[in-house]
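Student: Below: one structure in C-alpha cells.
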Amino acid sequence: MIEFIAPLLFVFLLGACFGSFANVVVIRLHEMSSLFGRSRCMSCQRKLRPKHMVPVFSWLMLGGKCADCGAKIHFQYPLVEFAAGALAVVTALRANPFGANFAQFYFELFLLLALLIIVVMDFRWKELPVEIMAAVGLIGVGWRIGNAFFFGNLQMTAYQTVIGVAIAVIFFGCQWFFSRGRWLGSGDVWFGAMMGLVLGWPETGIAIYLAYIFGGVGVAALFVLGVVKKGSRVPFAPALALGLVSAIWFGDAIRNWLGALFL
Ligand SMILES: [Zn+2]
C-alpha cells in the first residue's frame, strides 16, 4: 500500500509546487509584470518568507490572511495549488512519471496547468492570455509531430493539424465576427487555434462538441441557481478547456463509440 501511496503523495506535492508557480504566472500576466523577483503581499508589499510559500498548507496555517498586515489572501492561491496537485495525480495515473513514459507525464501536466491558468484568468478578469495559448499550441504541435516522426505518419499528422486548426478557427471566427464579439471574444478564436494544434482532427471536433455540452449544462445550472442573469457574459474558456481535456482523456473511447454508431 505504502509503495503506491508515497509516490502519489510526492506527485501531488510536485503538482502543488507547479500550481504555486502557476499562481505567480496568473498574477504577473494580469499585471503585465516580470516573472522574476520575490513574491510580495498584494496589500502591504512585504516580501513573502519561505515558510509562507508552502502550497495550500501556508494558506491554511495563516487562516487565509497575510502574516504581516492581516489582509485577506485570495482563495485562488490555495485552490490553484490544490487543483494542480490533484491534476498531477490524475496525470501520473495515466503516464508513470518514474517510468519510460515520463515525457508524456510532463507534457500532459504542462498542458493541464496552462489550461488552469487560462481558466482562472477568464473567471477572474475575462482575460485569455494569448502568450500562454501560443506556447501551448507550439508545444502541443511539436509533441504530435515528434510522436508521428517516431511512431506514426508524419504526413497524416500534418493534414490532421491543418484541418483541425482551420475548422476551429473558422467555426469560432465566424461566431466572433458575425456577433461582433458578443457571443464569443477574439480570445476564444485563439483558443480554437490552440485546440487544433494540440489535438488535430477529428479530436478537435470532439473537443468542441463536448465543450458546447459542458457549456450548455453549466450555463443552465448557473441560470437555475440564479448565479447568472439573462444577457450576462459567462466565461467560455472553462467549457473549452474541459472539452480539450476530455478529448485527450476519452478521445479514443469516443471515436470508437461514434465509429460503432455510424459505420
Ligand atoms: Zn500584507
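Every chain in the C-alpha cells has a letter given in the order shown (A, B, ...), and although residue numbers restart at 1 in each chain, ligands are simply numbered from 1 in the order shown.
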Tell me which protein, DNA and RNA residues are within 10 Å of A:Leu35, counting only C-alpha atoms, leaving out same-chain ones fewer than 6 positions away, and put them as JSON, numbers by chain.

Tutor: {"A": [21, 24, 25, 26, 27, 28, 29]}

Student: Residues within 12 Å of ligand 1, counting only C-alpha atoms and all ligand atoms: report them as a compact mmCIF listing (two decimals) with N, CA and C atoms, in the first residue's frame.

Tutor:
```
# COMPACT_ATOMS: atom_id res chain seq x y z
N SER A 39 7.96 36.99 -4.53
CA SER A 39 6.54 37.30 -4.39
C SER A 39 6.32 38.21 -3.18
N ARG A 40 5.34 39.10 -3.32
CA ARG A 40 5.03 40.04 -2.24
C ARG A 40 3.56 39.96 -1.89
N CYS A 41 3.22 40.44 -0.70
CA CYS A 41 1.82 40.58 -0.32
C CYS A 41 1.21 41.66 -1.20
N MET A 42 0.00 41.41 -1.70
CA MET A 42 -0.63 42.37 -2.61
C MET A 42 -1.02 43.66 -1.87
N SER A 43 -1.18 43.60 -0.54
CA SER A 43 -1.63 44.77 0.22
C SER A 43 -0.45 45.57 0.77
N CYS A 44 0.41 44.91 1.56
CA CYS A 44 1.46 45.67 2.25
C CYS A 44 2.78 45.64 1.49
N GLN A 45 2.85 44.88 0.40
CA GLN A 45 4.04 44.82 -0.47
C GLN A 45 5.24 44.19 0.21
N ARG A 46 5.09 43.64 1.45
CA ARG A 46 6.24 42.99 2.07
C ARG A 46 6.49 41.64 1.41
N LYS A 47 7.79 41.29 1.31
CA LYS A 47 8.16 40.04 0.64
C LYS A 47 7.68 38.85 1.46
N LEU A 48 7.26 37.78 0.76
CA LEU A 48 6.83 36.57 1.45
C LEU A 48 8.06 35.80 1.90
N ARG A 49 7.98 35.25 3.13
CA ARG A 49 9.08 34.42 3.63
C ARG A 49 8.82 32.97 3.22
N HIS A 52 5.94 30.94 4.33
CA HIS A 52 4.62 31.37 3.87
C HIS A 52 4.34 30.95 2.44
N LEU A 62 -2.10 30.28 7.96
CA LEU A 62 -2.27 31.73 8.14
C LEU A 62 -3.74 32.12 8.19
N GLY A 64 -5.75 32.19 5.81
CA GLY A 64 -6.10 32.96 4.61
C GLY A 64 -5.77 34.44 4.72
N LYS A 65 -4.87 34.79 5.67
CA LYS A 65 -4.51 36.21 5.85
C LYS A 65 -3.00 36.40 5.79
N CYS A 66 -2.58 37.61 5.34
CA CYS A 66 -1.16 37.95 5.30
C CYS A 66 -0.60 37.97 6.73
N ALA A 67 0.61 37.40 6.95
CA ALA A 67 1.21 37.33 8.28
C ALA A 67 1.60 38.72 8.79
N ASP A 68 1.85 39.66 7.87
CA ASP A 68 2.32 40.98 8.28
C ASP A 68 1.17 41.96 8.52
N CYS A 69 0.27 42.06 7.53
CA CYS A 69 -0.74 43.11 7.63
C CYS A 69 -2.15 42.56 7.85
N GLY A 70 -2.33 41.24 7.77
CA GLY A 70 -3.66 40.66 8.04
C GLY A 70 -4.63 40.78 6.89
N ALA A 71 -4.17 41.29 5.72
CA ALA A 71 -5.07 41.40 4.56
C ALA A 71 -5.44 39.99 4.06
N LYS A 72 -6.67 39.85 3.59
CA LYS A 72 -7.12 38.54 3.11
C LYS A 72 -6.33 38.13 1.86
N ILE A 73 -5.93 36.85 1.81
CA ILE A 73 -5.25 36.32 0.63
C ILE A 73 -6.30 35.63 -0.22
N HIS A 74 -6.35 35.99 -1.50
CA HIS A 74 -7.39 35.46 -2.38
C HIS A 74 -7.40 33.93 -2.39
```

Student: Counting only C-alpha atoms, give me one row per residue of stretch 22-96 of chain A with an atom at most 12 Å from an atom of stretch 232-253 of chain A, showing the shortest contact pair and its distance in Å to one decimal, sorted by chain then residue number, as CSV.

Tutor:
```
residue,atom,partner,partner_atom,distance
A:Leu87,CA,A:Val245,CA,11.1
A:Val90,CA,A:Trp249,CA,10.3
A:Thr91,CA,A:Trp249,CA,9.7
A:Leu93,CA,A:Trp249,CA,11.5
A:Arg94,CA,A:Trp249,CA,8.8
A:Ala95,CA,A:Trp249,CA,11.5
```

Student: Given the selection you just returned, output its residues as a file containing N, CA and C atoms, formatted as a PDB file, in the first residue's frame.

Tutor:
```pdb
ATOM      1  N   LEU A  87      -4.462  17.399 -10.300  1.00  0.00           N
ATOM      2  CA  LEU A  87      -4.261  17.135 -11.734  1.00  0.00           C
ATOM      3  C   LEU A  87      -2.984  16.327 -11.963  1.00  0.00           C
ATOM      4  N   VAL A  90      -3.800  12.695 -11.227  1.00  0.00           N
ATOM      5  CA  VAL A  90      -4.563  12.084 -12.330  1.00  0.00           C
ATOM      6  C   VAL A  90      -3.624  11.796 -13.509  1.00  0.00           C
ATOM      7  N   THR A  91      -2.736  12.765 -13.804  1.00  0.00           N
ATOM      8  CA  THR A  91      -1.790  12.586 -14.915  1.00  0.00           C
ATOM      9  C   THR A  91      -0.857  11.406 -14.646  1.00  0.00           C
ATOM     10  N   LEU A  93      -1.492   8.792 -12.987  1.00  0.00           N
ATOM     11  CA  LEU A  93      -2.206   7.522 -13.146  1.00  0.00           C
ATOM     12  C   LEU A  93      -2.317   7.152 -14.626  1.00  0.00           C
ATOM     13  N   ARG A  94      -2.203   8.154 -15.523  1.00  0.00           N
ATOM     14  CA  ARG A  94      -2.239   7.899 -16.975  1.00  0.00           C
ATOM     15  C   ARG A  94      -0.851   7.574 -17.525  1.00  0.00           C
ATOM     16  N   ALA A  95       0.152   8.302 -17.037  1.00  0.00           N
ATOM     17  CA  ALA A  95       1.525   8.105 -17.526  1.00  0.00           C
ATOM     18  C   ALA A  95       2.450   8.151 -16.323  1.00  0.00           C
TER      19      ALA A  95
END
```

Student: Quote the spacing between atom CA of A:Val219 and atom CA of A:Leu184 in Å to one decimal place.

Tutor: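 Taking atom CA of A:Val219 and atom CA of A:Leu184, their separation equals 14.5 Å.
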
Student: Counting only C-alpha atoms, which residue out of A:Ala88, A:Val224, A:Met1, A:Ile206 sits closest to A:Leu14?

Tutor: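 Answer, going by the shortest atom-to-atom distance: A:Ala88.
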
Student: Measure the distance from atom CA of A:Met133 to atom CA of A:Phe191 in Å and round it to one decimal.

Tutor: 6.6 Å

Student: Per residue of stretch 51-137 of chain A within 9 Å of stretch 2-11 of chain A, note the shortest atom pair and the distance in Å to one decimal, counting only C-alpha atoms, and order the rows by chain and increasing residue number, as a Markdown table.

Tutor:
```
| residue | atom | partner | partner_atom | distance |
| --- | --- | --- | --- | --- |
| A:Gly85 | CA | A:Val11 | CA | 7.2 |
| A:Ala86 | CA | A:Val11 | CA | 8.9 |
| A:Ala88 | CA | A:Val11 | CA | 6.2 |
| A:Val89 | CA | A:Val11 | CA | 6.0 |
| A:Ala92 | CA | A:Val11 | CA | 7.4 |
| A:Leu93 | CA | A:Leu8 | CA | 8.7 |
| A:Pro97 | CA | A:Val11 | CA | 8.4 |
| A:Phe98 | CA | A:Pro7 | CA | 9.0 |
```

Student: Could you turn the residues from that selection into a file that holds C-alpha atoms, as an mmCIF file, in the first residue's frame?

Tutor:
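Now in part_22.cif:
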```cif
data_model
loop_
_atom_site.group_PDB
_atom_site.id
_atom_site.type_symbol
_atom_site.label_atom_id
_atom_site.label_comp_id
_atom_site.auth_asym_id
_atom_site.auth_seq_id
_atom_site.Cartn_x
_atom_site.Cartn_y
_atom_site.Cartn_z
ATOM 1 C CA GLY A 85 -1.690 18.708 -7.148
ATOM 2 C CA ALA A 86 -4.856 16.756 -7.969
ATOM 3 C CA ALA A 88 -0.696 15.857 -11.285
ATOM 4 C CA VAL A 89 -2.042 12.748 -9.525
ATOM 5 C CA ALA A 92 0.508 10.188 -13.037
ATOM 6 C CA LEU A 93 -2.206 7.522 -13.146
ATOM 7 C CA PRO A 97 6.358 9.915 -14.143
ATOM 8 C CA PHE A 98 9.007 7.465 -12.892
#
```

Student: What is the distance, in Å and to one decimal place, between atom CA of A:Gly187 and atom CA of A:Val80?

Tutor: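 It comes out at 21.8 Å.
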
Student: So that I can check the surroundings of A:Pro202, please list as number ranges by chain every protein, DNA and RNA residue that reaches within 10 Å of it, counting only C-alpha atoms and ignoring chain neighbours fewer than 4 positions away.

Tutor: A: 160-161, 163-164, 196, 206-207, 247, 251, 255
